[in-house]
$ cat target_21.txt   # compact mmCIF, C-alpha atoms
# COMPACT_ATOMS: atom_id res chain seq x y z
CA MET A 1 44.54 -16.90 -45.20
CA ASP A 2 40.99 -16.29 -44.01
CA ASP A 3 38.22 -14.91 -46.19
CA LEU A 4 37.23 -12.38 -43.53
CA VAL A 5 38.58 -11.20 -40.19
CA VAL A 6 36.06 -9.27 -38.10
CA ILE A 7 37.68 -6.94 -35.56
CA GLY A 8 35.28 -6.28 -32.71
CA ALA A 9 32.76 -8.56 -31.00
CA GLY A 10 29.92 -6.22 -30.08
CA PRO A 11 26.46 -6.31 -31.69
CA TYR A 12 27.82 -5.32 -35.11
CA GLY A 13 30.84 -7.61 -35.13
CA LEU A 14 28.88 -10.63 -33.91
CA SER A 15 26.08 -10.01 -36.42
CA ILE A 16 28.53 -9.71 -39.31
CA ALA A 17 30.28 -12.91 -38.22
CA ALA A 18 26.97 -14.78 -38.00
CA HIS A 19 25.99 -13.77 -41.53
CA ALA A 20 29.48 -14.49 -42.89
CA ALA A 21 29.48 -17.98 -41.39
CA GLY A 22 26.00 -18.55 -42.77
CA ALA A 23 27.29 -17.60 -46.21
CA GLY A 24 30.03 -20.22 -45.98
CA LEU A 25 32.93 -17.80 -45.60
CA GLY A 26 36.02 -18.60 -43.57
CA VAL A 27 35.64 -16.00 -40.83
CA ARG A 28 37.45 -15.19 -37.60
CA VAL A 29 36.20 -12.81 -34.91
CA LEU A 30 38.70 -10.97 -32.70
CA GLY A 31 37.70 -9.08 -29.57
CA ARG A 32 36.05 -9.30 -26.18
CA PRO A 33 32.37 -10.19 -26.66
CA MET A 34 30.06 -7.28 -25.78
CA ALA A 35 32.99 -5.40 -24.24
CA SER A 36 31.42 -1.93 -24.26
CA TRP A 37 28.27 -3.20 -22.60
CA ARG A 38 30.03 -5.40 -20.05
CA ASP A 39 32.96 -3.15 -19.15
CA HIS A 40 31.94 0.45 -19.82
CA MET A 41 28.39 0.85 -18.51
CA PRO A 42 27.60 1.14 -14.80
CA GLU A 43 25.50 -1.46 -13.06
CA GLY A 44 21.90 -0.33 -12.84
CA MET A 45 21.65 1.11 -16.34
CA TYR A 46 18.82 0.16 -18.67
CA LEU A 47 18.57 -0.26 -22.41
CA LYS A 48 17.03 2.88 -23.90
CA SER A 49 15.79 1.21 -27.11
CA GLU A 50 12.73 -1.00 -27.14
CA PRO A 51 13.60 -4.71 -26.73
CA TRP A 52 11.96 -5.60 -30.06
CA SER A 53 14.32 -3.18 -31.87
CA SER A 54 17.48 -4.37 -30.09
CA ASN A 55 18.15 -7.71 -31.76
CA LEU A 56 21.52 -8.85 -32.99
CA SER A 57 21.21 -10.25 -36.50
CA ALA A 58 21.59 -13.84 -37.65
CA PRO A 59 20.50 -15.47 -40.94
CA GLY A 60 16.80 -16.29 -40.92
CA GLY A 61 16.09 -13.87 -38.07
CA ARG A 62 17.09 -16.42 -35.43
CA TYR A 63 18.51 -15.84 -31.94
CA THR A 64 16.48 -12.75 -31.08
CA LEU A 65 16.40 -10.95 -27.76
CA ALA A 66 12.79 -12.09 -27.30
CA GLU A 67 13.84 -15.72 -27.77
CA TYR A 68 16.61 -15.32 -25.18
CA CYS A 69 14.32 -13.64 -22.65
CA GLU A 70 11.41 -16.02 -23.15
CA GLY A 71 13.62 -18.99 -22.41
CA ARG A 72 14.58 -17.43 -19.07
CA GLY A 73 11.26 -16.01 -17.97
CA ILE A 74 12.44 -12.41 -18.43
CA ALA A 75 9.91 -9.72 -19.38
CA ALA A 76 10.96 -8.03 -22.62
CA GLY A 77 7.79 -6.28 -23.71
CA HIS A 78 7.14 -3.02 -25.49
CA GLY A 79 7.47 -0.12 -23.07
CA THR A 80 9.34 -2.22 -20.48
CA PRO A 81 12.92 -1.04 -19.85
CA LEU A 82 15.44 -3.88 -20.01
CA PRO A 83 18.54 -3.93 -17.78
CA ILE A 84 21.86 -3.54 -19.59
CA GLY A 85 23.06 -6.68 -17.81
CA THR A 86 20.31 -8.69 -19.48
CA PHE A 87 21.22 -7.30 -22.88
CA SER A 88 24.91 -8.11 -22.31
CA ALA A 89 24.01 -11.66 -21.35
CA TYR A 90 21.88 -11.93 -24.50
CA GLY A 91 24.88 -10.84 -26.60
CA LEU A 92 27.06 -13.53 -25.02
CA TRP A 93 24.34 -16.13 -25.67
CA PHE A 94 24.13 -14.97 -29.29
CA ALA A 95 27.92 -15.26 -29.60
CA ARG A 96 27.81 -18.86 -28.36
CA HIS A 97 24.99 -19.96 -30.65
CA ALA A 98 24.97 -17.82 -33.79
CA ALA A 99 28.57 -16.83 -34.51
CA PRO A 100 31.93 -18.57 -34.85
CA PRO A 101 33.89 -18.78 -31.57
CA VAL A 102 35.27 -15.38 -30.61
CA GLU A 103 39.02 -15.14 -30.08
CA GLU A 104 39.70 -12.65 -27.27
CA ALA A 105 42.65 -10.83 -28.80
CA THR A 106 43.97 -7.28 -28.65
CA VAL A 107 44.38 -6.14 -32.26
CA THR A 108 47.33 -3.78 -32.55
CA GLU A 109 47.71 -3.25 -36.29
CA VAL A 110 45.94 -3.79 -39.61
CA THR A 111 48.28 -3.38 -42.58
CA PRO A 112 47.85 -4.08 -46.31
CA GLN A 113 49.73 -7.12 -47.52
CA GLY A 114 49.51 -8.31 -51.10
CA ASP A 115 45.88 -8.62 -52.11
CA GLY A 116 44.78 -8.74 -48.49
CA PHE A 117 45.76 -7.66 -44.99
CA ARG A 118 48.04 -8.58 -42.13
CA VAL A 119 46.35 -8.35 -38.71
CA ARG A 120 48.70 -8.19 -35.73
CA THR A 121 47.59 -8.94 -32.18
CA ALA A 122 49.31 -8.48 -28.85
CA GLU A 123 49.03 -12.18 -28.06
CA GLY A 124 50.23 -14.25 -31.02
CA PRO A 125 51.51 -14.43 -34.59
CA PRO A 126 49.89 -12.20 -37.22
CA LEU A 127 46.83 -13.32 -39.15
CA LEU A 128 46.38 -12.99 -42.90
CA ALA A 129 42.98 -12.07 -44.31
CA ARG A 130 41.61 -11.44 -47.75
CA THR A 131 39.10 -8.96 -46.32
CA VAL A 132 38.75 -7.17 -42.98
CA ALA A 133 35.66 -5.70 -41.29
CA LEU A 134 36.32 -3.12 -38.59
CA ALA A 135 33.48 -3.14 -36.05
CA VAL A 136 35.37 -1.54 -33.19
CA GLY A 137 32.44 0.07 -31.37
CA VAL A 138 32.61 3.50 -29.75
CA MET A 139 35.50 3.35 -27.29
CA PRO A 140 38.23 4.59 -29.68
CA PHE A 141 36.14 7.74 -30.23
CA VAL A 142 35.56 9.01 -26.67
CA ARG A 143 35.00 12.78 -26.65
CA TYR A 144 36.04 15.22 -23.90
CA PRO A 145 35.46 18.97 -23.73
CA GLU A 146 38.68 20.82 -24.53
CA ALA A 147 38.51 22.66 -21.22
CA LEU A 148 39.20 19.41 -19.31
CA ARG A 149 42.29 18.31 -21.17
CA ASP A 150 44.81 20.13 -18.97
CA LEU A 151 43.42 18.70 -15.74
CA PRO A 152 45.27 15.90 -13.93
CA ALA A 153 43.84 12.54 -14.98
CA ALA A 154 42.42 11.80 -11.53
CA HIS A 155 40.19 14.88 -11.65
CA TYR A 156 37.97 13.84 -14.56
CA SER A 157 36.71 10.83 -16.48
CA HIS A 158 34.30 9.85 -19.23
CA SER A 159 30.91 8.31 -18.52
CA SER A 160 32.05 5.22 -20.45
CA GLY A 161 34.92 4.73 -18.00
CA HIS A 162 32.83 3.48 -15.09
CA ARG A 163 31.49 0.05 -14.32
CA ASP A 164 30.82 0.94 -10.69
CA LEU A 165 29.81 4.43 -9.55
CA THR A 166 29.62 3.65 -5.84
CA ARG A 167 33.17 4.91 -5.31
CA PHE A 168 31.77 8.44 -5.59
CA ALA A 169 29.45 8.01 -2.60
CA GLY A 170 29.51 11.11 -0.40
CA ARG A 171 31.35 13.22 -3.01
CA GLU A 172 30.26 16.05 -5.31
CA VAL A 173 30.38 15.12 -8.98
CA ALA A 174 29.73 17.45 -11.91
CA VAL A 175 28.21 15.54 -14.83
CA LEU A 176 28.60 17.28 -18.20
CA GLY A 177 26.03 16.61 -20.92
CA ALA A 178 22.32 16.47 -21.66
CA GLY A 179 21.81 13.05 -23.26
CA GLN A 180 20.77 9.71 -21.84
CA ALA A 181 24.28 8.83 -20.65
CA ALA A 182 24.56 12.09 -18.67
CA LEU A 183 21.07 11.90 -17.20
CA GLU A 184 21.25 8.24 -16.20
CA THR A 185 24.80 8.56 -14.84
CA ALA A 186 23.67 11.48 -12.67
CA VAL A 187 20.69 9.47 -11.38
CA LEU A 188 22.82 6.44 -10.54
CA LEU A 189 25.32 8.66 -8.74
CA ALA A 190 22.55 10.20 -6.65
CA GLU A 191 20.98 6.85 -5.88
CA GLY A 192 24.41 5.56 -4.85
CA GLY A 193 24.95 8.29 -2.30
CA ALA A 194 26.95 10.80 -4.36
CA ARG A 195 25.98 14.48 -4.79
CA PRO A 196 25.80 15.04 -8.56
CA CYS A 197 25.07 18.26 -10.41
CA LEU A 198 24.24 18.18 -14.12
CA VAL A 199 25.87 20.91 -16.23
CA ALA A 200 24.60 21.39 -19.79
CA ARG A 201 24.87 24.02 -22.51
CA ARG A 202 21.26 23.40 -23.49
CA SER A 203 18.66 25.69 -21.98
CA ARG A 204 16.25 22.78 -21.42
CA LEU A 205 16.37 19.01 -21.20
CA ASN A 206 14.57 16.89 -23.77
CA TRP A 207 12.68 13.79 -22.68
CA ASN A 208 11.26 11.06 -24.86
CA THR A 209 7.54 10.48 -24.46
CA VAL A 210 5.96 7.26 -23.24
CA PRO A 211 5.85 4.95 -26.28
CA GLN A 212 2.51 4.51 -27.99
CA PRO A 213 1.04 0.98 -28.04
CA LEU A 214 2.20 -1.26 -30.85
CA ARG A 215 -1.42 -1.96 -31.77
CA ARG A 216 -3.24 1.27 -32.62
CA PRO A 217 -6.01 2.40 -34.93
CA PRO A 218 -4.78 2.53 -38.55
CA LEU A 219 -4.97 6.31 -38.79
CA ARG A 220 -2.83 6.80 -35.69
CA SER A 221 -0.30 4.30 -37.01
CA LEU A 222 -0.19 6.12 -40.33
CA ARG A 223 0.36 9.49 -38.70
CA ALA A 224 3.17 8.26 -36.43
CA PRO A 225 4.56 4.86 -37.46
CA HIS A 226 6.69 2.83 -35.11
CA SER A 227 10.28 2.12 -36.09
CA GLY A 228 13.46 0.76 -34.54
CA LEU A 229 14.55 4.30 -33.71
CA GLY A 230 11.29 5.65 -32.33
CA THR A 231 7.86 6.86 -33.41
CA GLY A 232 7.24 9.21 -36.34
CA TRP A 233 8.02 9.40 -40.03
CA ARG A 234 11.46 10.94 -39.61
CA SER A 235 12.60 8.24 -37.20
CA TRP A 236 11.07 5.66 -39.53
CA ALA A 237 13.13 7.01 -42.45
CA TRP A 238 16.41 6.87 -40.51
CA SER A 239 15.53 3.39 -39.28
CA GLU A 240 14.27 1.77 -42.46
CA LEU A 241 16.03 3.63 -45.29
CA PRO A 242 19.77 3.80 -44.57
CA TRP A 243 20.40 2.87 -48.21
CA ALA A 244 18.56 6.03 -49.25
CA VAL A 245 20.53 8.19 -46.80
CA ARG A 246 23.74 7.03 -48.48
CA ARG A 247 22.55 8.48 -51.81
CA LEU A 248 22.25 12.00 -50.40
CA PRO A 249 25.00 14.60 -50.93
CA ALA A 250 27.89 14.34 -48.45
CA PRO A 251 27.14 17.65 -46.66
CA THR A 252 23.55 16.54 -46.10
CA ARG A 253 24.66 13.20 -44.71
CA GLU A 254 27.15 14.90 -42.39
CA ARG A 255 24.43 17.20 -41.09
CA ILE A 256 22.00 14.32 -40.56
CA ALA A 257 24.63 12.28 -38.69
CA ALA A 258 25.46 15.24 -36.45
CA THR A 259 21.94 16.46 -35.66
CA ALA A 260 19.34 13.70 -36.11
CA LEU A 261 17.95 12.09 -32.96
CA GLY A 262 19.70 14.56 -30.67
CA PRO A 263 20.25 14.27 -26.90
CA ALA A 264 17.19 13.18 -24.95
CA GLY A 265 16.40 11.19 -21.84
CA ALA A 266 14.27 8.07 -21.68
CA TRP A 267 10.72 8.63 -20.45
CA TRP A 268 11.15 6.13 -17.61
CA LEU A 269 14.12 8.07 -16.18
CA ARG A 270 12.51 11.48 -15.87
CA GLU A 271 10.85 11.14 -12.48
CA ARG A 272 13.98 9.62 -10.91
CA PHE A 273 16.11 12.45 -12.33
CA GLU A 274 13.93 15.41 -11.43
CA ARG A 275 13.48 14.13 -7.90
CA ARG A 276 17.19 13.92 -7.08
CA VAL A 277 19.54 15.80 -9.44
CA PRO A 278 20.14 19.59 -9.39
CA VAL A 279 20.92 21.15 -12.80
CA LEU A 280 22.77 24.10 -14.27
CA LEU A 281 21.24 24.52 -17.73
CA GLY A 282 22.41 27.03 -20.32
CA HIS A 283 25.93 26.95 -18.84
CA HIS A 284 28.98 26.69 -21.10
CA LEU A 285 32.21 25.24 -19.68
CA HIS A 286 35.16 27.45 -20.63
CA ARG A 287 37.74 26.66 -17.96
CA ALA A 288 38.72 23.86 -15.59
CA VAL A 289 41.59 24.11 -13.08
CA PRO A 290 42.73 21.88 -10.22
CA ALA A 291 42.24 23.25 -6.72
CA GLY A 292 44.17 20.80 -4.60
CA GLU A 293 42.37 17.48 -4.89
CA ARG A 294 39.25 19.22 -6.16
CA THR A 295 38.36 20.84 -9.49
CA ARG A 296 37.12 24.35 -10.13
CA LEU A 297 34.95 24.77 -13.23
CA GLY A 298 34.52 28.15 -14.89
CA LEU A 299 31.06 28.39 -16.49
CA THR A 300 29.37 31.08 -18.55
CA THR A 301 25.61 31.52 -18.72
CA ALA A 302 23.67 32.43 -21.85
CA ALA A 303 23.50 35.99 -20.50
CA GLY A 304 27.29 36.17 -20.25
CA GLU A 305 27.48 35.86 -16.48
CA SER A 306 30.36 33.93 -14.92
CA VAL A 307 29.69 31.03 -12.55
CA VAL A 308 32.24 28.99 -10.60
CA LEU A 309 31.45 25.39 -9.65
CA ASP A 310 33.72 23.61 -7.19
CA THR A 311 33.52 19.82 -7.31
CA ALA A 312 35.37 16.69 -6.26
CA HIS A 313 35.24 15.06 -9.72
CA VAL A 314 34.02 15.72 -13.26
CA ILE A 315 32.35 13.07 -15.44
CA ALA A 316 32.07 14.01 -19.10
CA ALA A 317 29.03 12.32 -20.61
CA THR A 318 29.79 14.08 -23.87
CA GLY A 319 29.56 11.22 -26.32
CA PHE A 320 31.88 10.08 -29.06
CA THR A 321 33.47 11.64 -32.14
CA PRO A 322 33.87 9.09 -34.95
CA ALA A 323 37.00 9.84 -36.99
CA LEU A 324 39.54 7.71 -38.81
CA ASP A 325 42.48 9.52 -37.25
CA ARG A 326 41.47 8.05 -33.88
CA LEU A 327 41.64 4.51 -35.22
CA GLU A 328 45.27 3.93 -34.34
CA LEU A 329 45.24 0.21 -35.06
CA LEU A 330 44.79 0.98 -38.75
CA ASP A 331 48.05 1.48 -40.68
CA ALA A 332 48.71 5.24 -40.97
CA GLY A 333 49.35 5.11 -44.71
CA LEU A 334 46.18 3.14 -45.32
CA ARG A 335 44.21 5.57 -43.14
CA ALA A 336 45.51 8.56 -45.05
CA ALA A 337 44.62 6.97 -48.39
CA LEU A 338 40.95 6.42 -47.59
CA ALA A 339 38.29 8.60 -49.20
CA THR A 340 36.18 10.34 -46.56
CA VAL A 341 32.68 11.80 -46.28
CA GLY A 342 33.13 15.55 -46.68
CA GLU A 343 34.87 17.04 -43.65
CA SER A 344 33.68 14.36 -41.24
CA GLY A 345 36.88 12.31 -41.19
CA THR A 346 34.85 9.11 -41.59
CA PRO A 347 35.21 6.67 -44.49
CA GLU A 348 33.15 7.01 -47.64
CA LEU A 349 31.56 3.61 -48.18
CA SER A 350 30.02 1.58 -50.98
CA PRO A 351 26.49 0.15 -50.67
CA GLY A 352 28.22 -2.92 -49.23
CA PHE A 353 30.11 -0.95 -46.53
CA GLU A 354 33.41 -1.27 -48.39
CA SER A 355 35.84 1.64 -48.16
CA SER A 356 37.86 3.05 -51.04
CA TRP A 357 40.58 0.55 -50.11
CA PRO A 358 39.53 -2.77 -51.69
CA GLY A 359 38.66 -5.38 -49.09
CA LEU A 360 38.50 -3.03 -46.11
CA PHE A 361 35.00 -2.74 -44.62
CA PHE A 362 33.60 -0.69 -41.74
CA ALA A 363 30.60 -1.07 -39.42
CA GLY A 364 29.03 0.86 -36.57
CA LEU A 365 29.53 4.47 -35.50
CA LEU A 366 32.07 5.32 -38.21
CA THR A 367 29.46 4.58 -40.86
CA ALA A 368 26.79 7.02 -39.60
CA PRO A 369 27.86 9.82 -42.00
CA SER A 370 27.43 7.33 -44.84
CA PHE A 371 24.22 5.51 -43.85
CA GLY A 372 22.59 7.72 -41.23
CA PRO A 373 21.81 7.69 -37.50
CA SER A 374 20.61 4.08 -37.32
CA MET A 375 24.31 3.11 -37.38
CA ARG A 376 24.60 4.59 -33.87
CA PHE A 377 22.17 2.01 -32.49
CA VAL A 378 21.97 -1.77 -32.16
CA HIS A 379 19.05 -1.67 -34.59
CA GLY A 380 21.44 -0.84 -37.45
CA ALA A 381 23.31 -4.14 -37.06
CA GLY A 382 20.79 -6.09 -39.13
CA PHE A 383 21.01 -3.83 -42.16
CA THR A 384 24.78 -3.65 -41.85
CA ALA A 385 25.48 -7.36 -41.47
CA GLY A 386 23.55 -8.48 -44.53
CA ARG A 387 24.84 -5.72 -46.80
CA LEU A 388 28.43 -5.96 -45.60
CA VAL A 389 28.67 -9.73 -46.06
CA ALA A 390 27.21 -9.33 -49.56
CA GLY A 391 29.94 -6.75 -50.17
CA VAL A 392 32.61 -9.16 -48.94
CA ARG A 393 31.33 -11.89 -51.25
CA LYS A 394 31.35 -9.46 -54.14
CA ARG A 395 34.93 -8.47 -53.35
CA LEU A 396 36.04 -12.09 -53.15
CA GLY A 397 34.36 -12.55 -56.53
CA THR A 398 34.98 -15.61 -58.57
CA ARG A 399 37.66 -16.81 -56.18
CA GLY A 400 34.87 -17.68 -53.74
CA PRO A 401 35.49 -18.67 -50.13
CA LEU A 402 38.48 -20.78 -49.22
CA ALA A 403 38.06 -24.46 -49.94
CA GLY A 404 36.44 -26.21 -47.03
CA SER A 405 35.37 -23.00 -45.31
CA THR A 406 32.37 -23.35 -43.04
CA GLY A 407 32.67 -20.24 -40.93
CA ALA A 408 33.83 -22.36 -37.98
CA PRO A 409 37.44 -22.42 -36.74
CA ARG A 410 39.70 -24.79 -38.61
CA ALA A 411 41.80 -27.30 -36.74
CA ASP A 412 44.94 -25.19 -37.20
CA ARG A 413 43.36 -22.18 -35.48
CA ALA A 414 44.61 -21.91 -31.94
CA PRO A 415 42.36 -19.56 -29.91
CA THR A 416 44.27 -16.42 -29.06
CA ALA A 417 44.46 -15.42 -25.41
CA GLY A 418 43.77 -11.81 -24.62
CA HIS A 419 41.13 -9.39 -23.60
CA ARG A 420 40.16 -6.74 -26.15
CA ALA A 421 39.73 -5.82 -29.78
$ encode --input "target_21.txt" --output "structure tokens"
Amino acid sequence: MDDLVVIGAGPYGLSIAAHAAGAGLGVRVLGRPMASWRDHMPEGMYLKSEPWSSNLSAPGGRYTLAEYCEGRGIAAGHGTPLPIGTFSAYGLWFARHAAPPVEEATVTEVTPQGDGFRVRTAEGPPLLARTVALAVGVMPFVRYPEALRDLPAAHYSHSSGHRDLTRFAGREVAVLGAGQAALETAVLLAEGGARPCLVARRSRLNWNTVPQPLRRPPLRSLRAPHSGLGTGWRSWAWSELPWAVRRLPAPTRERIAATALGPAGAWWLRERFERRVPVLLGHHLHRAVPAGERTRLGLTTAAGESVVLDTAHVIAATGFTPALDRLELLDAGLRAALATVGESGTPELSPGFESSWPGLFFAGLLTAPSFGPSMRFVHGAGFTAGRLVAGVRKRLGTRGPLAGSTGAPRADRAPTAGHRA
């Protein structure tokens, strides 16, 4: 039986595993390393966050993105957009050097067993763990507008479902949304020869401003401090004080998670977008019907006027809805027993990211209604990893880690073949 099984091998899962191994726990990591970044983001995308705020977390602050880039002659400076491919490669490098070997397994079920858990995979015998950390990323929580759900599957997709957008060359594509994913997807479609049109309920698009220099006069720094989530005191609070967010009343935390750091495009994308992508702003989608191989969208303007948009395909860049009921790998009875944050459907967590079920921990998007918006970004992995591993050690208590545990695979651990967490 392992001290800790981490399910998911993205920035949060790898950071947790690195800290757990550093603490001497017997830890296993299940999943495809950096799967969301490698498999669900089109080529040509860039990291929206600043490179210095996009580090995975290892004990002692080692294995940073800057260290990876410097060793390869890659520019990773403030105000310099970094390709997603570079960030994915950094995550794989981090996995090789900072964390225990990742076992690429498809986890199908997590069920309570005795004082711990049984973790089933599609590829091999079940694992037994004293504690489990679910760091499953965003893919279980893909959100579509209700109006699309009756369309044939070939007529629409989610922005996270595309690694290559060139297949849309020469075709009209309606992109739904107003955030970075929608704006950048539309740009990449246009630059790849497609004919996109952005459709958004918002009456105007928001764009981030060019970042201020890191070195500024003291008064300017005081008025608008830098943080991992942007410039300004509010962003600084979400970035640096997730422990304080958790102490707020549940309705306040829900509101913060739903509204803070709303949809906006990166400053470096604006010129490319405005040059090439037509928009329908202030349009609400209320109906979508197939018209042969095409799709007809029924839109309503803010003034109540009806608009019909005929398109070859619809891409919903409408984000993700974190909710426990979408986490099908978690035993239904266990799921139903968990305390939740207000009406959010997300787990209520201790300061150490432990749920109301002893030994079951969560990380990433599901924890935003507990700890705030930093949990939606790579930047939150550092706070999460240290606190969560401390929570695991507290749960294990006087029993301590298994004898001989080093955080590396034991000789009796056969790597599991597979492809996903």
$ closest_residue --input "target_21.txt" --among "A:Cys69, A:Leu127, A:Ala237, A:Leu222" --to "Ala105 in chain A" --atoms "all atoms listed in the file"
A:Leu127
$ closest_residue --input "target_21.txt" --among "A:Gly193, A:Phe377, A:Pro217, A:Arg287" --to "Leu365 in chain A" --atoms "all atoms listed in the file"
A:Phe377
$ residues_around --input "target_21.txt" --residues "Gly44 in chain A" --least-positions-apart "2" --cutoff "7 Å" --atoms "all atoms listed in the file" --output "PyMOL selection string"
chain A and resi 42+46+83
$ residues_around --input "target_21.txt" --residues "Val289 in chain A" --least-positions-apart "4" --cutoff "10 Å" --atoms "all atoms listed in the file" --output "PyMOL selection string"
chain A and resi 147-152+155+294-298+310
$ write_last_selection --input "target_21.txt" --atoms "C-alpha atoms" --output "PDB file, in the frame of the given file"
ATOM      1  CA  ALA A 147      38.510  22.660 -21.220  1.00  0.00           C
ATOM      2  CA  LEU A 148      39.200  19.410 -19.310  1.00  0.00           C
ATOM      3  CA  ARG A 149      42.290  18.310 -21.170  1.00  0.00           C
ATOM      4  CA  ASP A 150      44.810  20.130 -18.970  1.00  0.00           C
ATOM      5  CA  LEU A 151      43.420  18.700 -15.740  1.00  0.00           C
ATOM      6  CA  PRO A 152      45.270  15.900 -13.930  1.00  0.00           C
ATOM      7  CA  HIS A 155      40.190  14.880 -11.650  1.00  0.00           C
ATOM      8  CA  ARG A 294      39.250  19.220  -6.160  1.00  0.00           C
ATOM      9  CA  THR A 295      38.360  20.840  -9.490  1.00  0.00           C
ATOM     10  CA  ARG A 296      37.120  24.350 -10.130  1.00  0.00           C
ATOM     11  CA  LEU A 297      34.950  24.770 -13.230  1.00  0.00           C
ATOM     12  CA  GLY A 298      34.520  28.150 -14.890  1.00  0.00           C
ATOM     13  CA  ASP A 310      33.720  23.610  -7.190  1.00  0.00           C
TER      14      ASP A 310
END
$ atom_distance --input "target_21.txt" --atom1 "CA of Arg202 in chain A" --atom2 "CA of Ala260 in chain A"
16.0 Å
$ atom_distance --input "target_21.txt" --atom1 "CA of Ile16 in chain A" --atom2 "CA of Val245 in chain A"
21.0 Å
$ closest_residue --input "target_21.txt" --among "A:Ala66, A:Leu14, A:Ile7, A:Ala303" --to "Arg96 in chain A" --atoms "only C-alpha atoms"
A:Leu14
$ closest_residue --input "target_21.txt" --among "A:Ile315, A:Glu305, A:Glu67, A:Leu4" --to "Leu134 in chain A" --atoms "all atoms listed in the file"
A:Leu4
$ atom_distance --input "target_21.txt" --atom1 "CA of Arg387 in chain A" --atom2 "CA of Gly359 in chain A"
14.0 Å
$ closest_residue --input "target_21.txt" --among "A:Arg38, A:His286, A:His162, A:Arg120" --to "Phe87 in chain A" --atoms "all atoms listed in the file"
A:Arg38
$ residues_around --input "target_21.txt" --residues "Val392 in chain A" --least-positions-apart "5" --cutoff "12 Å" --atoms "all atoms listed in the file" --output "PyMOL selection string"
chain A and resi 3-6+16-17+19-20+23-27+129-133+350-355+358-362+384-387+397-401
$ closest_residue --input "target_21.txt" --among "A:Pro218, A:Gly230, A:Pro373, A:Pro251" --to "Glu343 in chain A" --atoms "only C-alpha atoms"
A:Pro251
$ residues_around --input "target_21.txt" --residues "range 88-93 of chain A" --least-positions-apart "6" --cutoff "9 Å" --atoms "only C-alpha atoms" --output "PyMOL selection string"
chain A and resi 10-11+14+33-35+37-38+56+63-65+68-69
$ residues_around --input "target_21.txt" --residues "Ala264 in chain A" --least-positions-apart "6" --cutoff "8 Å" --atoms "all atoms listed in the file" --output "PyMOL selection string"
chain A and resi 178-180+205-208
$ write_last_selection --input "target_21.txt" --atoms "C-alpha atoms" --output "PDB file, in the frame of the given file"
ATOM      1  CA  ALA A 178      22.320  16.470 -21.660  1.00  0.00           C
ATOM      2  CA  GLY A 179      21.810  13.050 -23.260  1.00  0.00           C
ATOM      3  CA  GLN A 180      20.770   9.710 -21.840  1.00  0.00           C
ATOM      4  CA  LEU A 205      16.370  19.010 -21.200  1.00  0.00           C
ATOM      5  CA  ASN A 206      14.570  16.890 -23.770  1.00  0.00           C
ATOM      6  CA  TRP A 207      12.680  13.790 -22.680  1.00  0.00           C
ATOM      7  CA  ASN A 208      11.260  11.060 -24.860  1.00  0.00           C
TER       8      ASN A 208
END
$ decode --input "target_21.txt" --residues "range 45-52 of chain A" --atoms "N, CA, C and O atoms" --output "CSV table (one decimal), in the first residue's frame"
chain,number,residue,atom,x,y,z
A,45,MET,N,-0.3,28.1,-30.3
A,45,MET,CA,-0.7,28.9,-29.1
A,45,MET,C,0.4,29.3,-28.2
A,45,MET,O,1.5,28.6,-28.3
A,46,TYR,N,0.2,30.3,-27.4
A,46,TYR,CA,1.2,30.8,-26.5
A,46,TYR,C,0.7,30.8,-25.1
A,46,TYR,O,-0.5,30.9,-24.9
A,47,LEU,N,1.6,30.8,-24.2
A,47,LEU,CA,1.3,30.8,-22.8
A,47,LEU,C,0.9,32.3,-22.4
A,47,LEU,O,1.6,33.2,-22.8
A,48,LYS,N,-0.3,32.4,-21.8
A,48,LYS,CA,-0.8,33.7,-21.5
A,48,LYS,C,-0.1,34.3,-20.3
A,48,LYS,O,0.2,35.5,-20.2
A,49,SER,N,0.2,33.5,-19.3
A,49,SER,CA,0.9,34.0,-18.1
A,49,SER,C,2.4,34.3,-18.4
A,49,SER,O,3.0,33.8,-19.3
A,50,GLU,N,2.9,35.2,-17.5
A,50,GLU,CA,4.3,35.5,-17.7
A,50,GLU,C,5.2,34.3,-17.3
A,50,GLU,O,4.8,33.5,-16.4
A,51,PRO,N,6.3,34.1,-18.0
A,51,PRO,CA,7.1,32.9,-17.7
A,51,PRO,C,7.5,32.8,-16.3
A,51,PRO,O,7.6,31.7,-15.7
A,52,TRP,N,7.9,33.9,-15.6
A,52,TRP,CA,8.3,33.8,-14.3
A,52,TRP,C,7.2,33.4,-13.3
A,52,TRP,O,7.5,33.0,-12.1
